[in-house]
>>> print(open('entry.txt').read())   # compact mmCIF, C-alpha atoms
# COMPACT_ATOMS: atom_id res chain seq x y z
CA MET B 1 10.32 10.08 -15.95
CA ASP B 2 9.87 12.50 -13.07
CA ALA B 3 12.23 11.78 -10.14
CA ALA B 4 9.32 11.87 -7.70
CA VAL B 5 7.64 9.06 -9.64
CA ILE B 6 10.82 6.96 -9.68
CA ASP B 7 11.32 7.43 -5.91
CA ALA B 8 7.68 6.77 -5.05
CA PRO B 9 6.81 3.62 -3.05
CA LEU B 10 6.29 0.52 -5.17
CA PRO B 11 2.47 0.40 -4.71
CA GLU B 12 2.21 3.95 -6.04
CA ARG B 13 4.43 3.15 -9.03
CA LEU B 14 2.44 0.03 -9.86
CA ALA B 15 -0.84 1.91 -9.46
CA ARG B 16 0.38 4.64 -11.80
CA ALA B 17 1.50 2.10 -14.42
CA ILE B 18 -1.86 0.32 -14.30
CA THR B 19 -3.78 3.59 -14.48
CA LEU B 20 -1.83 4.68 -17.55
CA ALA B 21 -1.61 1.40 -19.46
CA GLY B 22 -4.28 -0.89 -18.03
CA PRO B 23 -4.13 -4.09 -15.95
CA ILE B 24 -0.84 -5.99 -15.86
CA SER B 25 -0.21 -9.73 -15.86
CA LEU B 26 0.16 -11.56 -12.56
CA ALA B 27 3.72 -12.38 -13.64
CA GLN B 28 4.56 -8.68 -13.97
CA TYR B 29 3.00 -7.92 -10.59
CA MET B 30 4.80 -10.78 -8.83
CA GLY B 31 8.12 -9.98 -10.51
CA ALA B 32 8.01 -6.33 -9.45
CA ALA B 33 6.86 -7.14 -5.91
CA ASN B 34 9.54 -9.76 -5.25
CA ALA B 35 12.31 -7.70 -6.86
CA HIS B 36 11.56 -4.88 -4.41
CA TYR B 37 11.06 -7.24 -1.48
CA TYR B 38 14.42 -9.00 -1.78
CA ALA B 39 16.36 -5.86 -2.72
CA THR B 40 15.35 -4.00 0.43
CA ARG B 41 15.69 -6.51 3.28
CA ASP B 42 17.04 -9.76 4.67
CA PRO B 43 13.80 -11.69 5.23
CA LEU B 44 15.34 -14.86 6.67
CA GLY B 45 14.20 -15.54 10.20
CA ARG B 46 11.68 -12.71 10.03
CA ASP B 47 9.21 -13.68 7.32
CA PHE B 48 10.34 -17.27 6.78
CA THR B 49 13.15 -19.73 7.59
CA THR B 50 14.91 -21.97 5.08
CA ALA B 51 16.47 -25.39 5.67
CA PRO B 52 20.11 -24.17 5.75
CA GLU B 53 19.23 -21.81 8.60
CA ILE B 54 17.72 -24.68 10.61
CA SER B 55 20.81 -26.90 10.67
CA GLN B 56 24.33 -27.11 9.26
CA MET B 57 23.54 -30.72 8.35
CA PHE B 58 21.49 -29.61 5.36
CA GLY B 59 24.33 -27.75 3.64
CA GLU B 60 26.94 -30.31 4.63
CA LEU B 61 25.01 -33.19 3.06
CA ILE B 62 24.41 -31.20 -0.13
CA GLY B 63 28.12 -30.43 -0.30
CA LEU B 64 28.98 -34.11 0.06
CA TRP B 65 26.33 -34.96 -2.56
CA LEU B 66 28.10 -32.65 -5.03
CA ALA B 67 31.56 -33.90 -4.09
CA ASP B 68 30.55 -37.54 -4.53
CA LEU B 69 29.04 -36.89 -7.95
CA TRP B 70 32.05 -34.81 -9.04
CA ASP B 71 34.43 -37.56 -7.86
CA ARG B 72 32.58 -40.29 -9.75
CA ALA B 73 32.53 -38.07 -12.86
CA GLY B 74 36.33 -37.99 -12.88
CA ARG B 75 37.02 -34.83 -10.86
CA PRO B 76 36.79 -32.31 -13.71
CA PRO B 77 37.47 -28.58 -13.21
CA ALA B 78 34.25 -27.24 -11.72
CA ALA B 79 32.52 -24.20 -10.23
CA TYR B 80 30.06 -24.13 -7.37
CA VAL B 81 26.98 -22.13 -8.38
CA GLU B 82 24.08 -21.20 -6.12
CA LEU B 83 20.90 -19.49 -7.24
CA GLY B 84 19.43 -17.12 -4.65
CA PRO B 85 21.89 -18.12 -1.90
CA GLY B 86 20.18 -16.29 0.97
CA ARG B 87 22.74 -15.34 3.58
CA GLY B 88 25.34 -17.73 2.16
CA THR B 89 24.74 -20.23 4.97
CA LEU B 90 24.13 -23.23 2.71
CA ALA B 91 27.18 -22.41 0.61
CA ALA B 92 29.46 -22.02 3.64
CA ASP B 93 28.38 -25.38 5.05
CA ALA B 94 28.53 -27.13 1.66
CA LEU B 95 31.97 -25.72 0.80
CA ARG B 96 33.37 -26.83 4.16
CA ALA B 97 32.15 -30.38 3.56
CA MET B 98 33.32 -30.39 -0.08
CA ALA B 99 36.81 -29.28 0.91
CA LYS B 100 37.17 -32.30 3.19
CA ALA B 101 36.35 -34.46 0.17
CA GLY B 102 38.95 -32.74 -2.02
CA LEU B 103 36.63 -30.40 -3.94
CA VAL B 104 37.57 -26.71 -3.65
CA PRO B 105 35.72 -24.95 -6.49
CA ALA B 106 35.42 -21.29 -7.36
CA VAL B 107 32.13 -19.91 -5.99
CA HIS B 108 29.57 -18.12 -8.14
CA PHE B 109 26.36 -16.66 -6.71
CA VAL B 110 23.38 -15.58 -8.81
CA GLU B 111 21.96 -12.82 -6.63
CA THR B 112 20.63 -9.31 -7.32
CA SER B 113 19.87 -8.11 -3.77
CA PRO B 114 22.54 -5.72 -2.39
CA THR B 115 21.41 -6.57 1.15
CA LEU B 116 21.81 -10.30 0.68
CA ARG B 117 25.07 -9.93 -1.28
CA SER B 118 26.53 -8.19 1.74
CA ALA B 119 25.51 -11.06 4.03
CA GLN B 120 26.88 -13.61 1.56
CA ALA B 121 30.24 -11.84 1.36
CA GLU B 122 30.68 -12.22 5.13
CA ARG B 123 30.14 -15.98 5.02
CA VAL B 124 31.81 -16.78 1.68
CA PRO B 125 34.71 -14.40 1.01
CA GLY B 126 35.90 -14.51 -2.58
CA ALA B 127 32.54 -15.35 -4.11
CA ILE B 128 31.77 -13.96 -7.56
CA TRP B 129 28.30 -12.48 -8.10
CA HIS B 130 26.08 -12.54 -11.18
CA ASP B 131 22.80 -10.79 -11.91
CA ASP B 132 21.63 -13.81 -13.92
CA THR B 133 22.90 -17.16 -15.18
CA THR B 134 24.12 -15.95 -18.59
CA THR B 135 27.48 -14.77 -17.24
CA LEU B 136 28.43 -17.99 -15.44
CA PRO B 137 31.68 -19.70 -16.56
CA GLY B 138 31.36 -21.39 -19.95
CA ASP B 139 34.37 -23.69 -19.96
CA ILE B 140 34.09 -25.83 -16.80
CA ALA B 141 31.56 -28.11 -15.16
CA LEU B 142 28.82 -26.36 -13.18
CA LEU B 143 27.69 -27.70 -9.80
CA VAL B 144 24.44 -25.83 -9.25
CA ILE B 145 22.25 -25.59 -6.14
CA ALA B 146 18.79 -24.00 -6.18
CA ASN B 147 17.19 -24.21 -2.74
CA GLU B 148 13.86 -22.37 -2.52
CA PHE B 149 14.69 -20.40 -5.65
CA PHE B 150 12.10 -21.35 -8.26
CA ASP B 151 9.12 -20.82 -5.93
CA ALA B 152 9.80 -17.05 -5.94
CA LEU B 153 9.92 -16.68 -9.73
CA PRO B 154 6.89 -15.06 -11.41
CA ILE B 155 3.96 -17.19 -12.48
CA ARG B 156 1.07 -16.79 -14.89
CA GLN B 157 -2.40 -17.99 -13.93
CA LEU B 158 -5.12 -19.08 -16.31
CA VAL B 159 -8.64 -19.14 -14.84
CA ARG B 160 -11.57 -21.10 -16.26
CA GLY B 161 -14.65 -18.96 -16.75
CA GLY B 162 -18.06 -19.93 -18.05
CA ASP B 163 -16.98 -19.17 -21.62
CA GLY B 164 -13.44 -20.58 -21.52
CA TRP B 165 -10.01 -19.82 -20.11
CA HIS B 166 -8.74 -16.32 -19.30
CA GLU B 167 -5.36 -15.06 -18.10
CA ARG B 168 -5.49 -13.55 -14.62
CA LEU B 169 -4.48 -9.90 -14.60
CA VAL B 170 -3.96 -7.40 -11.77
CA ALA B 171 -6.04 -4.22 -11.78
CA CYS B 172 -5.97 -1.28 -9.37
CA GLN B 173 -8.43 1.11 -7.77
CA ASP B 174 -6.47 3.90 -6.09
CA THR B 175 -3.78 1.72 -4.45
CA LEU B 176 -6.07 -1.28 -3.92
CA PHE B 177 -4.87 -4.14 -6.13
CA LEU B 178 -7.17 -6.96 -7.18
CA PRO B 179 -7.06 -9.91 -9.59
CA ILE B 180 -9.37 -9.84 -12.61
CA ALA B 181 -9.97 -12.01 -15.65
CA GLY B 182 -8.33 -10.78 -18.84
CA LYS B 183 -9.00 -11.72 -22.44
CA GLN B 184 -9.87 -15.28 -23.32
CA VAL B 185 -6.92 -17.49 -24.29
CA PRO B 186 -7.02 -20.30 -26.88
CA ASP B 187 -7.49 -23.84 -25.60
CA ALA B 188 -4.46 -24.90 -27.64
CA ILE B 189 -2.07 -23.45 -25.06
CA LEU B 190 -3.54 -25.58 -22.27
CA PRO B 191 -2.62 -29.17 -21.33
CA PRO B 192 -5.23 -31.34 -23.08
CA ALA B 193 -6.11 -33.21 -19.88
CA LEU B 194 -7.06 -29.95 -18.13
CA ARG B 195 -8.97 -28.07 -20.83
CA ASP B 196 -12.39 -29.20 -19.61
CA ALA B 197 -11.82 -28.40 -15.93
CA ALA B 198 -14.71 -26.90 -13.99
CA PRO B 199 -15.34 -23.13 -13.97
CA GLY B 200 -13.19 -21.43 -11.36
CA SER B 201 -10.26 -23.80 -11.92
CA VAL B 202 -6.76 -22.30 -12.07
CA ILE B 203 -3.73 -23.48 -14.03
CA GLU B 204 -0.31 -22.01 -13.23
CA THR B 205 2.72 -21.75 -15.48
CA SER B 206 6.10 -20.14 -14.95
CA PRO B 207 7.84 -19.18 -18.21
CA ALA B 208 10.59 -17.54 -16.14
CA SER B 209 11.34 -20.83 -14.37
CA VAL B 210 11.44 -22.75 -17.64
CA ALA B 211 13.83 -20.20 -19.13
CA VAL B 212 16.22 -20.47 -16.19
CA MET B 213 16.12 -24.27 -16.22
CA ARG B 214 16.63 -24.54 -19.97
CA GLY B 215 19.57 -22.14 -19.85
CA LEU B 216 21.32 -24.00 -17.05
CA ALA B 217 20.48 -27.49 -18.33
CA GLY B 218 21.91 -26.59 -21.72
CA ARG B 219 25.11 -25.39 -20.04
CA ILE B 220 25.34 -28.55 -17.95
CA ALA B 221 24.71 -30.78 -20.98
CA ARG B 222 27.55 -29.08 -22.87
CA GLN B 223 30.03 -28.35 -20.07
CA GLY B 224 29.36 -31.18 -17.65
CA GLY B 225 27.99 -30.84 -14.16
CA ALA B 226 24.85 -31.25 -12.13
CA MET B 227 22.05 -29.27 -10.54
CA LEU B 228 20.08 -29.99 -7.38
CA THR B 229 16.76 -28.17 -6.99
CA ILE B 230 14.88 -28.33 -3.68
CA ASP B 231 11.54 -26.61 -3.26
CA TYR B 232 7.91 -27.20 -2.43
CA GLY B 233 5.83 -28.26 -5.40
CA TYR B 234 4.08 -30.97 -7.37
CA GLN B 235 4.15 -33.17 -10.46
CA GLY B 236 2.21 -31.21 -13.06
CA PRO B 237 0.21 -30.48 -15.01
CA ALA B 238 -2.35 -29.84 -12.29
CA ILE B 239 -5.25 -27.64 -11.27
CA GLY B 240 -4.79 -25.29 -8.33
CA ASP B 241 -4.09 -21.75 -7.15
CA THR B 242 -0.87 -21.90 -5.11
CA LEU B 243 0.06 -18.20 -5.02
CA GLN B 244 0.72 -17.17 -1.42
CA ALA B 245 2.26 -14.33 0.55
CA MET B 246 4.21 -14.57 3.79
CA ARG B 247 4.94 -11.77 6.25
CA ALA B 248 6.31 -12.15 9.78
CA GLY B 249 5.81 -15.90 9.56
CA ALA B 250 2.08 -15.65 8.77
CA TYR B 251 0.05 -15.78 5.58
CA ALA B 252 -0.91 -12.45 4.03
CA ASN B 253 -3.00 -11.25 1.10
CA PRO B 254 -0.80 -11.43 -2.05
CA PHE B 255 -2.51 -8.33 -3.44
CA GLU B 256 -1.94 -6.12 -0.40
CA ALA B 257 1.25 -4.06 0.08
CA PRO B 258 3.20 -5.34 -2.94
CA GLY B 259 6.90 -5.41 -2.19
CA GLU B 260 6.37 -5.95 1.56
CA ASN B 261 5.44 -9.65 1.42
CA ASP B 262 7.28 -12.71 0.14
CA LEU B 263 5.26 -13.98 -2.84
CA THR B 264 5.70 -17.62 -3.82
CA ALA B 265 3.98 -20.38 -5.76
CA HIS B 266 4.43 -24.13 -5.82
CA VAL B 267 6.96 -25.48 -8.33
CA ASP B 268 5.92 -27.79 -11.17
CA PHE B 269 8.79 -30.30 -11.09
CA ALA B 270 7.56 -32.23 -14.13
CA THR B 271 7.79 -29.10 -16.27
CA LEU B 272 11.31 -28.33 -15.01
CA CYS B 273 12.48 -31.88 -15.73
CA ALA B 274 10.97 -31.73 -19.23
CA ALA B 275 12.74 -28.41 -19.84
CA ALA B 276 16.07 -29.94 -18.80
CA LYS B 277 15.58 -32.98 -21.03
CA ALA B 278 14.77 -30.72 -23.97
CA GLU B 279 18.29 -29.28 -23.61
CA GLY B 280 19.97 -32.69 -23.59
CA ALA B 281 20.43 -33.12 -19.82
CA ALA B 282 19.35 -36.12 -17.74
CA SER B 283 16.81 -35.62 -14.95
CA PHE B 284 16.04 -37.54 -11.76
CA GLY B 285 13.20 -37.31 -9.26
CA PRO B 286 11.36 -35.73 -7.69
CA VAL B 287 12.00 -37.37 -4.33
CA ASP B 288 10.90 -36.09 -0.93
CA GLN B 289 13.44 -33.91 0.87
CA GLY B 290 13.22 -36.18 3.89
CA ALA B 291 13.95 -39.30 1.87
CA LEU B 292 16.90 -37.62 0.15
CA LEU B 293 18.49 -36.42 3.38
CA ILE B 294 18.05 -39.81 5.03
CA ALA B 295 19.64 -41.50 2.00
CA LEU B 296 22.56 -39.07 2.21
CA GLY B 297 23.20 -39.92 5.87
CA ILE B 298 21.56 -37.26 8.01
CA ASP B 299 20.98 -39.72 10.85
CA ALA B 300 24.66 -40.63 11.05
CA ARG B 301 25.63 -36.94 10.97
CA ALA B 302 23.10 -36.10 13.68
CA ALA B 303 24.57 -38.85 15.88
CA VAL B 304 28.05 -37.34 15.49
CA LEU B 305 26.87 -33.82 16.30
CA GLY B 306 24.77 -34.92 19.28
CA GLY B 307 23.15 -32.34 21.51
CA SER B 308 19.89 -30.79 20.40
CA VAL B 309 20.21 -31.56 16.68
CA ARG B 310 17.57 -34.28 16.82
CA ALA B 311 14.82 -31.66 16.73
CA ASP B 312 16.52 -29.99 13.76
CA ARG B 313 16.80 -33.34 12.00
CA ASP B 314 13.11 -34.00 12.51
CA ARG B 315 12.16 -30.57 11.20
CA LEU B 316 14.07 -31.27 7.98
CA VAL B 317 12.91 -34.85 7.34
CA ALA B 318 9.66 -35.55 9.22
CA PRO B 319 6.70 -36.02 6.85
CA ASP B 320 4.54 -33.64 8.89
CA GLN B 321 7.20 -30.89 8.76
CA MET B 322 9.50 -30.20 5.76
CA GLY B 323 10.21 -33.81 4.82
CA SER B 324 7.31 -34.40 2.44
CA LEU B 325 6.27 -30.88 1.49
CA PHE B 326 9.71 -30.15 0.02
CA LYS B 327 10.95 -32.24 -2.88
CA ALA B 328 14.14 -32.48 -4.89
CA ILE B 329 15.05 -33.05 -8.52
CA ALA B 330 18.52 -33.55 -9.96
CA ILE B 331 19.79 -32.59 -13.40
CA THR B 332 23.08 -33.93 -14.76
CA ALA B 333 25.07 -34.01 -17.96
CA ALA B 334 24.03 -37.09 -19.91
CA ASP B 335 27.41 -38.79 -19.43
CA TRP B 336 27.65 -38.11 -15.69
CA PRO B 337 26.83 -40.87 -13.16
CA GLN B 338 23.50 -41.20 -11.40
CA PRO B 339 23.36 -38.93 -8.35
CA ALA B 340 23.09 -40.37 -4.85
CA GLY B 341 19.63 -40.44 -3.33
CA PHE B 342 17.82 -40.73 -6.67
CA ALA B 343 17.69 -44.49 -7.12
>>> encode(input="entry.txt", output="structure tokens")
Amino acid sequence: MDAAVIDAPLPERLARAITLAGPISLAQYMGAANAHYYATRDPLGRDFTTAPEISQMFGELIGLWLADLWDRAGRPPAAYVELGPGRGTLAADALRAMAKAGLVPAVHFVETSPTLRSAQAERVPGAIWHDDTTTLPGDIALLVIANEFFDALPIRQLVRGGDGWHERLVACQDTLFLPIAGKQVPDAILPPALRDAAPGSVIETSPASVAVMRGLAGRIARQGGAMLTIDYGYQGPAIGDTLQAMRAGAYANPFEAPGENDLTAHVDFATLCAAAKAEGAASFGPVDQGALLIALGIDARAAVLGGSVRADRDRLVAPDQMGSLFKAIAITAADWPQPAGFA
């Protein structure tokens, strides 16, 4: 391919691909946009803020959650694994808390962004990086954290038209991108309870998320370990268009300036739990983030820290802030104990 084409801005490259080969799936569009977005910037604090950046309490409690589970499982050799670890803030706080409980694991980050890898190296020296989960250790227990990871993975959307269901594709006119209805899809691929939804209804799926969960759950089932996933989402299957774009802390049009906005979609926790069970792992939840953090002792930790942390505590657990919007599920090896906070 011509070097000028390779070096062209992402919108131009996407427009050229669509012009040559026709409309692309929403999953392809979202995957390309987010890959460029995360590879070229540190968006934390500019476009959005995650829980670890709000307070050290978040990472500390997650670290103690892992250490408690590991201790009750018999203290096997284990690795700490984080998917999309941001700046490494959560890991640094979690590792500090784990060390006080006697757990000092090797650290493995699944991260492709050079910019974010650099930030992570400053906070967690000695971490080992992976482009995907397939190269993680295969002979020890895996203690996996995925905080706001699955929401950024590509989704497919199926839209109900007057004559049936169609996959949503992305077309282009010049460099103006717009969603269109593609070919009709068979009803057999749809959840039976949703097949007769009203015209205009949208069903979302994320094959990429299922693939990641199945791969990790299979590892955990065979090697031992646990996984905590925290994100915003719902118990599917459900109707709804949840695709959104964030830029500078405000909502943007997902089909404008691909690669310059953070594209996300709500996570279907029921589908992730089913994927884990299919690989022989046990699943727990979802529970609200606020309820989990309260069960793990955030109020006691806030009292120890004192000062202005009360506002941070409220932001993490209050129902009208992050407490109810964000939810958590836990995955464990079948013979591991039940995790704290998931009664």
>>> closest_residue(input="entry.txt", among="B:Ala300, B:Ala295, B:Ala245, B:Val144", to="Glu260 of chain B", atoms="all atoms listed in the file")
B:Ala245
>>> closest_residue(input="entry.txt", among="B:Val309, B:Leu263, B:Ala270, B:Ile230", to="Ala32 of chain B", atoms="all atoms listed in the file")
B:Leu263
>>> atom_distance(input="entry.txt", atom1="atom CA of Gln244 of chain B", atom2="atom CA of Ala15 of chain B")
20.8 Å
>>> closest_residue(input="entry.txt", among="B:Gly240, B:Pro43, B:Gly88, B:Gly280", to="Asp268 of chain B", atoms="only C-alpha atoms")
B:Gly240
>>> residues_around(input="entry.txt", residues="Ala94 of chain B", least_positions_apart="3", cutoff="7 Å", atoms="only C-alpha atoms", output="PyMOL selection string")
chain B and resi 59-60+62-63+90-91+97-98
>>> write_last_selection(input="entry.txt", atoms="C-alpha atoms", output="PDB file, in the frame of the given file")
ATOM      1  CA  GLY B  59      24.330 -27.750   3.640  1.00  0.00           C
ATOM      2  CA  GLU B  60      26.940 -30.310   4.630  1.00  0.00           C
ATOM      3  CA  ILE B  62      24.410 -31.200  -0.130  1.00  0.00           C
ATOM      4  CA  GLY B  63      28.120 -30.430  -0.300  1.00  0.00           C
ATOM      5  CA  LEU B  90      24.130 -23.230   2.710  1.00  0.00           C
ATOM      6  CA  ALA B  91      27.180 -22.410   0.610  1.00  0.00           C
ATOM      7  CA  ALA B  97      32.150 -30.380   3.560  1.00  0.00           C
ATOM      8  CA  MET B  98      33.320 -30.390  -0.080  1.00  0.00           C
TER       9      MET B  98
END
>>> residues_near_point(input="entry.txt", point="(-8.3, -17.9, -14.0)", cutoff="10 Å", atoms="all atoms listed in the file", output="PDB file with C-alpha atoms, in the frame of the given file")
ATOM      1  CA  ARG B 156       1.070 -16.790 -14.890  1.00  0.00           C
ATOM      2  CA  GLN B 157      -2.400 -17.990 -13.930  1.00  0.00           C
ATOM      3  CA  LEU B 158      -5.120 -19.080 -16.310  1.00  0.00           C
ATOM      4  CA  VAL B 159      -8.640 -19.140 -14.840  1.00  0.00           C
ATOM      5  CA  ARG B 160     -11.570 -21.100 -16.260  1.00  0.00           C
ATOM      6  CA  GLY B 161     -14.650 -18.960 -16.750  1.00  0.00           C
ATOM      7  CA  GLY B 164     -13.440 -20.580 -21.520  1.00  0.00           C
ATOM      8  CA  TRP B 165     -10.010 -19.820 -20.110  1.00  0.00           C
ATOM      9  CA  HIS B 166      -8.740 -16.320 -19.300  1.00  0.00           C
ATOM     10  CA  GLU B 167      -5.360 -15.060 -18.100  1.00  0.00           C
ATOM     11  CA  ARG B 168      -5.490 -13.550 -14.620  1.00  0.00           C
ATOM     12  CA  LEU B 169      -4.480  -9.900 -14.600  1.00  0.00           C
ATOM     13  CA  PRO B 179      -7.060  -9.910  -9.590  1.00  0.00           C
ATOM     14  CA  ILE B 180      -9.370  -9.840 -12.610  1.00  0.00           C
ATOM     15  CA  ALA B 181      -9.970 -12.010 -15.650  1.00  0.00           C
ATOM     16  CA  GLY B 182      -8.330 -10.780 -18.840  1.00  0.00           C
ATOM     17  CA  GLN B 184      -9.870 -15.280 -23.320  1.00  0.00           C
ATOM     18  CA  PRO B 199     -15.340 -23.130 -13.970  1.00  0.00           C
ATOM     19  CA  GLY B 200     -13.190 -21.430 -11.360  1.00  0.00           C
ATOM     20  CA  SER B 201     -10.260 -23.800 -11.920  1.00  0.00           C
ATOM     21  CA  VAL B 202      -6.760 -22.300 -12.070  1.00  0.00           C
ATOM     22  CA  ILE B 203      -3.730 -23.480 -14.030  1.00  0.00           C
ATOM     23  CA  GLU B 204      -0.310 -22.010 -13.230  1.00  0.00           C
ATOM     24  CA  GLY B 240      -4.790 -25.290  -8.330  1.00  0.00           C
ATOM     25  CA  ASP B 241      -4.090 -21.750  -7.150  1.00  0.00           C
TER      26      ASP B 241
END
>>> closest_residue(input="entry.txt", among="B:Val81, B:Ala330, B:Leu176, B:Ala257", to="Val110 of chain B", atoms="all atoms listed in the file")
B:Val81
>>> atom_distance(input="entry.txt", atom1="atom CA of Leu83 of chain B", atom2="atom CA of Phe109 of chain B")
6.2 Å
>>> closest_residue(input="entry.txt", among="B:Pro137, B:Gly249, B:Gly236, B:Pro77", to="Thr271 of chain B", atoms="all atoms listed in the file")
B:Gly236
>>> closest_residue(input="entry.txt", among="B:Leu305, B:Ala79, B:Ala282, B:Leu228", to="Leu136 of chain B", atoms="all atoms listed in the file")
B:Ala79
>>> residues_around(input="entry.txt", residues="segment 313-321 of chain B", least_positions_apart="5", cutoff="9 Å", atoms="only C-alpha atoms", output="number ranges by chain")
B: 51, 54-55, 57-58, 288-294, 298-299, 302
>>> residues_near_point(input="entry.txt", point="(25.4, -38.2, -1.4)", cutoff="9 Å", atoms="all atoms listed in the file", output="PDB file with C-alpha atoms, in the coordinates of the input")
ATOM      1  CA  LEU B  61      25.010 -33.190   3.060  1.00  0.00           C
ATOM      2  CA  ILE B  62      24.410 -31.200  -0.130  1.00  0.00           C
ATOM      3  CA  GLY B  63      28.120 -30.430  -0.300  1.00  0.00           C
ATOM      4  CA  LEU B  64      28.980 -34.110   0.060  1.00  0.00           C
ATOM      5  CA  TRP B  65      26.330 -34.960  -2.560  1.00  0.00           C
ATOM      6  CA  LEU B  66      28.100 -32.650  -5.030  1.00  0.00           C
ATOM      7  CA  ALA B  67      31.560 -33.900  -4.090  1.00  0.00           C
ATOM      8  CA  ASP B  68      30.550 -37.540  -4.530  1.00  0.00           C
ATOM      9  CA  LEU B  69      29.040 -36.890  -7.950  1.00  0.00           C
ATOM     10  CA  LEU B 292      16.900 -37.620   0.150  1.00  0.00           C
ATOM     11  CA  LEU B 293      18.490 -36.420   3.380  1.00  0.00           C
ATOM     12  CA  ALA B 295      19.640 -41.500   2.000  1.00  0.00           C
ATOM     13  CA  LEU B 296      22.560 -39.070   2.210  1.00  0.00           C
ATOM     14  CA  GLY B 297      23.200 -39.920   5.870  1.00  0.00           C
ATOM     15  CA  PRO B 339      23.360 -38.930  -8.350  1.00  0.00           C
ATOM     16  CA  ALA B 340      23.090 -40.370  -4.850  1.00  0.00           C
ATOM     17  CA  GLY B 341      19.630 -40.440  -3.330  1.00  0.00           C
TER      18      GLY B 341
END
>>> build_atoms(input="entry.txt", residues="segment 87-98 of chain B", atoms="N, CA, C and O atoms", output="short mmCIF file (atom, residue, chain, number, x, y, z; two decimals), in the frame of the given file")
data_model
loop_
_atom_site.label_atom_id
_atom_site.label_comp_id
_atom_site.auth_asym_id
_atom_site.auth_seq_id
_atom_site.Cartn_x
_atom_site.Cartn_y
_atom_site.Cartn_z
N ARG B 87 21.65 -15.96 2.84
CA ARG B 87 22.74 -15.34 3.58
C ARG B 87 24.10 -15.98 3.28
O ARG B 87 25.10 -15.60 3.87
N GLY B 88 24.10 -17.01 2.43
CA GLY B 88 25.34 -17.73 2.16
C GLY B 88 25.57 -18.89 3.11
O GLY B 88 26.62 -19.53 3.08
N THR B 89 24.59 -19.18 3.96
CA THR B 89 24.74 -20.23 4.97
C THR B 89 24.90 -21.60 4.34
O THR B 89 25.79 -22.38 4.72
N LEU B 90 24.04 -21.93 3.38
CA LEU B 90 24.13 -23.23 2.71
C LEU B 90 25.49 -23.38 2.04
O LEU B 90 26.15 -24.41 2.18
N ALA B 91 25.91 -22.34 1.32
CA ALA B 91 27.18 -22.41 0.61
C ALA B 91 28.34 -22.62 1.56
O ALA B 91 29.24 -23.44 1.31
N ALA B 92 28.36 -21.88 2.68
CA ALA B 92 29.46 -22.02 3.64
C ALA B 92 29.54 -23.44 4.18
O ALA B 92 30.63 -24.03 4.28
N ASP B 93 28.38 -24.02 4.52
CA ASP B 93 28.38 -25.38 5.05
C ASP B 93 28.76 -26.39 3.97
O ASP B 93 29.51 -27.33 4.22
N ALA B 94 28.23 -26.20 2.76
CA ALA B 94 28.53 -27.13 1.66
C ALA B 94 30.01 -27.07 1.28
O ALA B 94 30.65 -28.10 1.06
N LEU B 95 30.57 -25.87 1.19
CA LEU B 95 31.97 -25.72 0.80
C LEU B 95 32.90 -26.34 1.83
O LEU B 95 33.94 -26.93 1.48
N ARG B 96 32.55 -26.21 3.11
CA ARG B 96 33.37 -26.83 4.16
C ARG B 96 33.38 -28.35 4.01
O ARG B 96 34.44 -28.98 4.11
N ALA B 97 32.22 -28.94 3.73
CA ALA B 97 32.15 -30.38 3.56
C ALA B 97 32.85 -30.82 2.27
O ALA B 97 33.54 -31.84 2.24
N MET B 98 32.67 -30.04 1.19
CA MET B 98 33.32 -30.39 -0.08
C MET B 98 34.84 -30.37 0.04
O MET B 98 35.53 -31.23 -0.52
#
